[in-house]
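Colleague: I'd like to ask you about the structure that follows.
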Amino acid sequence: MEAGPVLWVLSQSCEPESVRRGRAKPMSGVMKRMGMIFRAKANKALDRAEDPRETLDYSYQKQLELLQKVRRGVADVATSRKRLELQLNQLQSQSSKLEDQGRKALALGREDLAREALSRRAALQQQVTDLETQHATLQGEEEKLTLAAQRLQAKVDAFRTKKETIKATYTAAQAQTRIGEAFSGISEEMGDVGLAIQRAEDKTAQLQARAGAIDELLASGALDDPSGMHKDDIQAELDRLSGGTDVELELQRMKAELAGGTTGGQQAIEGGTGQAQDQAQSQQQPQDAPRFDKQ
């Protein structure tokens, strides 16, 4: 029963290392691809978040810090040189003093004291020589650092001018781009406004169409009007005709008043009314004529 698992373990232990490595290659390829995708996404996000103006300001700040360090180095070298000059002055003063003491000893007949004074003076002279060498070295370093500081100052000034020019150009281009996007309607803000206007126009058109459809249905009688305010087409036509007659009568009355009298106007109105009745009778007469012929 246990022979199967034992054989599988033995086969795995006897499997070559190259085969196991080849089996691990697909996983490593997937990890590399995931890493590359992550780096690409991160690079795009950083590029979107980067502001060239801030980068230029940061670079200018770093250059100012470097210039400050160079100036501090020049000051340190100048301080060391000054200390060496003070030591040289002291040693030279002691050397002159020992020389005077040796002369006085020889004048007094003390050759041993004169020899001791000259020996000390020789030792001091060796120190003076070493200090002069160091002083010359420091002086050369100071001149180099001073020249480097001047060149760096010129570069920093030029970079500052270029930085401000690039920042101004970038700001102008950014503003021009935003104005162009606003005019063309492709900016985010104007896009939202355009969508809102489009939705409002669509809703307005829909409401207008619905109102027109309801009016047509009410006019055709397909829908009932519970309020009783809506009239059918026959009643609307009758109202229109009666309204037109009233307008004609009012017009005749106003003409009669302008002609010179209210009485004449009333007669004109009555005459107009009689004419209207005669026309009505004449329209009804053709229907009654056959009845008289039969009698």
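Chain labels run A, B, ... following the order of the structure tokens; each chain numbers its residues from 1, and ligands are numbered from 1 in the order shown.
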Show which residues sit within 12 Å of region 65-69 of chain A, as a PyMOL selection string. Count only C-alpha atoms, and ignore same-chain residues fewer than 2 positions away.

Modeller: chain A and resi 58-63+71-76+145-157

Colleague: I'd like the neighbourhood of Val128 (chain A) as a list in words, where a residue qualifies if any of its atoms comes within 10 Å (using only C-alpha atoms), though same-chain residues fewer than 4 positions away should be ignored.

Modeller: Leu84, Gln87, Leu88, Asn89, Gln90, Leu91, Gln92, Ser95, Ala122, Ala123, Leu124, Glu132, Thr133 and Gln134 of chain A

Colleague: Can you work out which one of A:Thr55, A:Gln139, A:Ser119, A:Ser184 has the shortest atom-to-atom distance to Lys167 (chain A), counting only C-alpha atoms?

Modeller: A:Thr55

Colleague: For Ile166 (chain A), please output as an NGL selection string all residues within 9 Å (counting only C-alpha atoms; exclusion window: fewer than 3 positions along the same chain).

Modeller: :A and (52-53 or 56 or 161-163 or 169-171)

Colleague: Using only C-alpha atoms, please write the residues we just selected to a file, as a PDB file, in the first residue's frame.

Modeller:
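After the write, again_22.pdb holds the following:
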```pdb
ATOM      1  CA  PRO A  52       8.614  70.385 -13.817  1.00  0.00           C
ATOM      2  CA  ARG A  53       8.475  73.645 -11.863  1.00  0.00           C
ATOM      3  CA  LEU A  56      13.537  72.881 -11.185  1.00  0.00           C
ATOM      4  CA  THR A 161      17.493  82.609 -15.013  1.00  0.00           C
ATOM      5  CA  LYS A 162      16.832  79.560 -17.172  1.00  0.00           C
ATOM      6  CA  LYS A 163      14.678  78.032 -14.441  1.00  0.00           C
ATOM      7  CA  THR A 169       6.866  79.141 -20.363  1.00  0.00           C
ATOM      8  CA  TYR A 170       5.411  76.025 -18.736  1.00  0.00           C
ATOM      9  CA  THR A 171       2.813  78.047 -16.833  1.00  0.00           C
TER      10      THR A 171
END
```

Colleague: Which residue gives the smallest distance to Val70 (chain A) among A:Asp246, A:Gln252, A:Glu142, A:Val30, with only C-alpha atoms counted?

Modeller: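 Smallest separation from Val70 (chain A) among the options: A:Glu142.
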